[in-house]
Amino acid sequence: MFGKLIKEKRLEADLTLREFCRKLDEDPSNWSKVERERLSPPQDTNKLEKIASIVGLERDSDEWNKVFDYASVDNGRIPEYVIDDKELLGVLPVFFRTVGSVKPSPEEIRDLILKVKEWY
């Protein structure tokens with residue numbers, strides 16, 4: 001997810017891989033592996049901010065936030081804001097069961113919908 005997103009945004013910004021890597025101070029060969037999702041994305045917040053900025057994302061926009069979310073998920077981590085929100089964290093089991101094709105109860109669906117509405 002992360003690698004594909006950054007490659008898409010890099011190309012939209014009309015940046016070659018080498019130009020992007022020069023601005024990011026990364027080796028193009030290694031970064032290419034990140035974009036092809038052969039290497040995990042960085043986790044350092046400052047580096048992720050720099051990446052989002054280089055490809056022209058507006059701070060705190062949905063696309064900006066995706067950079068951080070996708071970096072976490074691609075590294076097998078739940079984003080910090082989810083862990084910090086006890087209510088949101090509480091509905092994750094319903095979400096994971098749904099994704100895993102286990103049907104949640106009507107009450108669990110209602111609670112999940114209400115929580116998502118509150119969150120947005």
# chains A, B, ... in the order shown; residues from 1 in each chain; ligands from 1
$ residues_around --residues "A:Glu63" --least-positions-apart "6" --cutoff "12 Å" --atoms "only C-alpha atoms" --output "PDB file with C-alpha atoms, in the first residue's frame"
ATOM      1  CA  PHE A   2       2.657   2.516   1.073  1.00  0.00           C
ATOM      2  CA  LEU A   5       0.890   5.286  -2.912  1.00  0.00           C
ATOM      3  CA  ILE A   6       4.258   7.039  -2.852  1.00  0.00           C
ATOM      4  CA  GLU A   8       1.755   7.207  -7.624  1.00  0.00           C
ATOM      5  CA  LYS A   9       2.212  10.560  -5.862  1.00  0.00           C
ATOM      6  CA  GLU A  49       6.769  13.954   6.761  1.00  0.00           C
ATOM      7  CA  ILE A  51       8.331  12.037   1.912  1.00  0.00           C
ATOM      8  CA  ALA A  52       4.803  13.471   2.013  1.00  0.00           C
ATOM      9  CA  SER A  53       6.178  16.969   1.533  1.00  0.00           C
ATOM     10  CA  VAL A  55       5.533  14.532  -3.330  1.00  0.00           C
ATOM     11  CA  GLY A  56       3.499  17.667  -2.652  1.00  0.00           C
ATOM     12  CA  LEU A  57       0.911  16.467  -0.166  1.00  0.00           C
ATOM     13  CA  ASP A  69      -1.327   4.930   8.114  1.00  0.00           C
ATOM     14  CA  TYR A  70       0.016   2.865   5.229  1.00  0.00           C
TER      15      TYR A  70
END
$ closest_residue --among "A:Phe95, A:Trp31, A:Lys47, A:Val82" --to "A:Arg18" --atoms "only C-alpha atoms"
A:Trp31
$ residues_around --residues "A:Arg22" --least-positions-apart "5" --cutoff "12 Å" --atoms "only C-alpha atoms" --output "list in words"
Leu15, Thr16, Leu17, Asp27, Pro28, Ser29, Trp31, Ile51 and Ile54 of chain A
$ write_last_selection --atoms "all heavy atoms" --output "tab-separated table (two decimals), in the first residue's frame"
chain	number	residue	atom	x	y	z
A	15	LEU	N	8.20	13.64	-10.63
A	15	LEU	CA	9.53	13.42	-10.11
A	15	LEU	C	10.04	12.06	-10.56
A	15	LEU	O	9.34	11.05	-10.39
A	15	LEU	CB	9.52	13.44	-8.57
A	15	LEU	CG	9.28	14.77	-7.88
A	15	LEU	CD1	9.02	14.56	-6.40
A	15	LEU	CD2	10.48	15.68	-8.08
A	16	THR	N	11.24	12.04	-11.11
A	16	THR	CA	11.86	10.75	-11.41
A	16	THR	C	12.28	10.10	-10.10
A	16	THR	O	12.37	10.77	-9.05
A	16	THR	CB	13.09	10.90	-12.32
A	16	THR	OG1	14.12	11.59	-11.59
A	16	THR	CG2	12.75	11.64	-13.61
A	17	LEU	N	12.56	8.82	-10.16
A	17	LEU	CA	13.02	8.12	-8.96
A	17	LEU	C	14.29	8.77	-8.43
A	17	LEU	O	14.42	9.00	-7.22
A	17	LEU	CB	13.25	6.64	-9.29
A	17	LEU	CG	13.74	5.77	-8.14
A	17	LEU	CD1	12.68	5.70	-7.05
A	17	LEU	CD2	14.09	4.38	-8.64
A	27	ASP	N	19.09	5.99	-1.37
A	27	ASP	CA	19.64	5.28	-2.50
A	27	ASP	C	18.49	4.86	-3.42
A	27	ASP	O	17.55	4.21	-2.96
A	27	ASP	CB	20.41	4.05	-2.02
A	27	ASP	CG	20.91	3.21	-3.17
A	27	ASP	OD1	21.76	3.70	-3.93
A	27	ASP	OD2	20.41	2.06	-3.31
A	28	PRO	N	18.54	5.23	-4.71
A	28	PRO	CA	17.45	4.87	-5.63
A	28	PRO	C	17.16	3.37	-5.71
A	28	PRO	O	16.01	2.96	-5.81
A	28	PRO	CB	17.90	5.41	-6.98
A	28	PRO	CG	18.87	6.49	-6.66
A	28	PRO	CD	19.55	6.06	-5.39
A	29	SER	N	18.21	2.56	-5.63
A	29	SER	CA	18.02	1.12	-5.71
A	29	SER	C	17.21	0.61	-4.52
A	29	SER	O	16.28	-0.19	-4.68
A	29	SER	CB	19.38	0.42	-5.76
A	29	SER	OG	19.21	-0.98	-5.72
A	31	TRP	N	15.25	2.50	-2.56
A	31	TRP	CA	13.92	3.10	-2.57
A	31	TRP	C	13.00	2.43	-3.57
A	31	TRP	O	11.81	2.27	-3.33
A	31	TRP	CB	13.96	4.61	-2.81
A	31	TRP	CG	12.60	5.16	-2.57
A	31	TRP	CD1	11.67	5.51	-3.50
A	31	TRP	CD2	11.96	5.32	-1.31
A	31	TRP	NE1	10.50	5.89	-2.90
A	31	TRP	CE2	10.66	5.79	-1.55
A	31	TRP	CE3	12.37	5.14	0.01
A	31	TRP	CZ2	9.76	6.06	-0.53
A	31	TRP	CZ3	11.48	5.41	1.03
A	31	TRP	CH2	10.19	5.86	0.75
A	51	ILE	N	8.83	12.74	3.10
A	51	ILE	CA	8.33	12.04	1.91
A	51	ILE	C	7.03	12.68	1.44
A	51	ILE	O	6.88	12.99	0.25
A	51	ILE	CB	8.12	10.54	2.22
A	51	ILE	CG1	9.47	9.85	2.43
A	51	ILE	CG2	7.32	9.86	1.12
A	51	ILE	CD1	9.37	8.46	3.06
A	54	ILE	N	7.76	16.08	-0.09
A	54	ILE	CA	8.45	16.02	-1.39
A	54	ILE	C	7.46	15.73	-2.51
A	54	ILE	O	7.56	16.31	-3.60
A	54	ILE	CB	9.57	14.95	-1.37
A	54	ILE	CG1	10.72	15.43	-0.49
A	54	ILE	CG2	10.07	14.65	-2.78
A	54	ILE	CD1	11.78	14.36	-0.21
$ atom_distance --atom1 "atom CA of A:Ala71" --atom2 "atom CA of A:Pro93"
21.2 Å
$ atom_distance --atom1 "atom CA of A:Val34" --atom2 "atom CA of A:Gly3"
5.4 Å
$ closest_residue --among "A:Glu37, A:Glu12, A:Glu19, A:Asp25" --to "A:Asn75" --atoms "only C-alpha atoms"
A:Glu37
$ atom_distance --atom1 "atom CA of A:Arg59" --atom2 "atom CA of A:Arg38"
27.1 Å
$ select_by_dssp --residues "stretch 22-61 of chain A" --states "alpha helix (DSSP H)" --output "PyMOL selection string"
chain A and resi 22-24+28-35+45-54
$ closest_residue --among "A:Thr45, A:Phe20, A:Asp84, A:Val91" --to "A:Trp64" --atoms "only C-alpha atoms"
A:Thr45
$ decode --residues "stretch 14-30 of chain A" --atoms "N, CA, C and O atoms" --output "CSV table (one decimal), in the first residue's frame"
chain,number,residue,atom,x,y,z
A,14,ASP,N,5.6,14.6,-11.0
A,14,ASP,CA,6.5,14.6,-12.1
A,14,ASP,C,8.0,14.5,-11.6
A,14,ASP,O,8.8,15.2,-12.1
A,15,LEU,N,8.2,13.6,-10.6
A,15,LEU,CA,9.5,13.4,-10.1
A,15,LEU,C,10.0,12.1,-10.6
A,15,LEU,O,9.3,11.0,-10.4
A,16,THR,N,11.2,12.0,-11.1
A,16,THR,CA,11.9,10.7,-11.4
A,16,THR,C,12.3,10.1,-10.1
A,16,THR,O,12.4,10.8,-9.1
A,17,LEU,N,12.6,8.8,-10.2
A,17,LEU,CA,13.0,8.1,-9.0
A,17,LEU,C,14.3,8.8,-8.4
A,17,LEU,O,14.4,9.0,-7.2
A,18,ARG,N,15.2,9.1,-9.3
A,18,ARG,CA,16.5,9.7,-8.9
A,18,ARG,C,16.3,11.1,-8.3
A,18,ARG,O,16.9,11.4,-7.3
A,19,GLU,N,15.4,11.9,-8.9
A,19,GLU,CA,15.1,13.2,-8.3
A,19,GLU,C,14.5,13.1,-6.9
A,19,GLU,O,14.9,13.8,-6.0
A,20,PHE,N,13.6,12.2,-6.8
A,20,PHE,CA,12.9,12.0,-5.5
A,20,PHE,C,13.9,11.5,-4.5
A,20,PHE,O,14.0,12.1,-3.3
A,21,CYS,N,14.8,10.6,-4.8
A,21,CYS,CA,15.8,10.0,-3.9
A,21,CYS,C,16.8,11.1,-3.5
A,21,CYS,O,17.3,11.1,-2.4
A,22,ARG,N,17.2,11.9,-4.4
A,22,ARG,CA,18.1,13.0,-4.1
A,22,ARG,C,17.6,13.9,-3.1
A,22,ARG,O,18.2,14.3,-2.1
A,23,LYS,N,16.3,14.3,-3.2
A,23,LYS,CA,15.6,15.1,-2.2
A,23,LYS,C,15.4,14.4,-0.9
A,23,LYS,O,15.5,15.1,0.2
A,24,LEU,N,15.3,13.1,-0.9
A,24,LEU,CA,15.0,12.4,0.3
A,24,LEU,C,16.3,11.9,0.9
A,24,LEU,O,16.3,11.4,2.1
A,25,ASP,N,17.4,12.0,0.2
A,25,ASP,CA,18.7,11.5,0.6
A,25,ASP,C,18.7,9.9,0.8
A,25,ASP,O,19.0,9.4,1.9
A,26,GLU,N,18.1,9.3,-0.2
A,26,GLU,CA,18.0,7.8,-0.2
A,26,GLU,C,18.7,7.2,-1.5
A,26,GLU,O,18.8,7.9,-2.5
A,27,ASP,N,19.1,6.0,-1.4
A,27,ASP,CA,19.6,5.3,-2.5
A,27,ASP,C,18.5,4.9,-3.4
A,27,ASP,O,17.6,4.2,-3.0
A,28,PRO,N,18.5,5.2,-4.7
A,28,PRO,CA,17.5,4.9,-5.6
A,28,PRO,C,17.2,3.4,-5.7
A,28,PRO,O,16.0,3.0,-5.8
A,29,SER,N,18.2,2.6,-5.6
A,29,SER,CA,18.0,1.1,-5.7
A,29,SER,C,17.2,0.6,-4.5
A,29,SER,O,16.3,-0.2,-4.7
A,30,ASN,N,17.5,1.1,-3.3
A,30,ASN,CA,16.8,0.7,-2.1
A,30,ASN,C,15.4,1.2,-2.2
A,30,ASN,O,14.4,0.6,-1.8
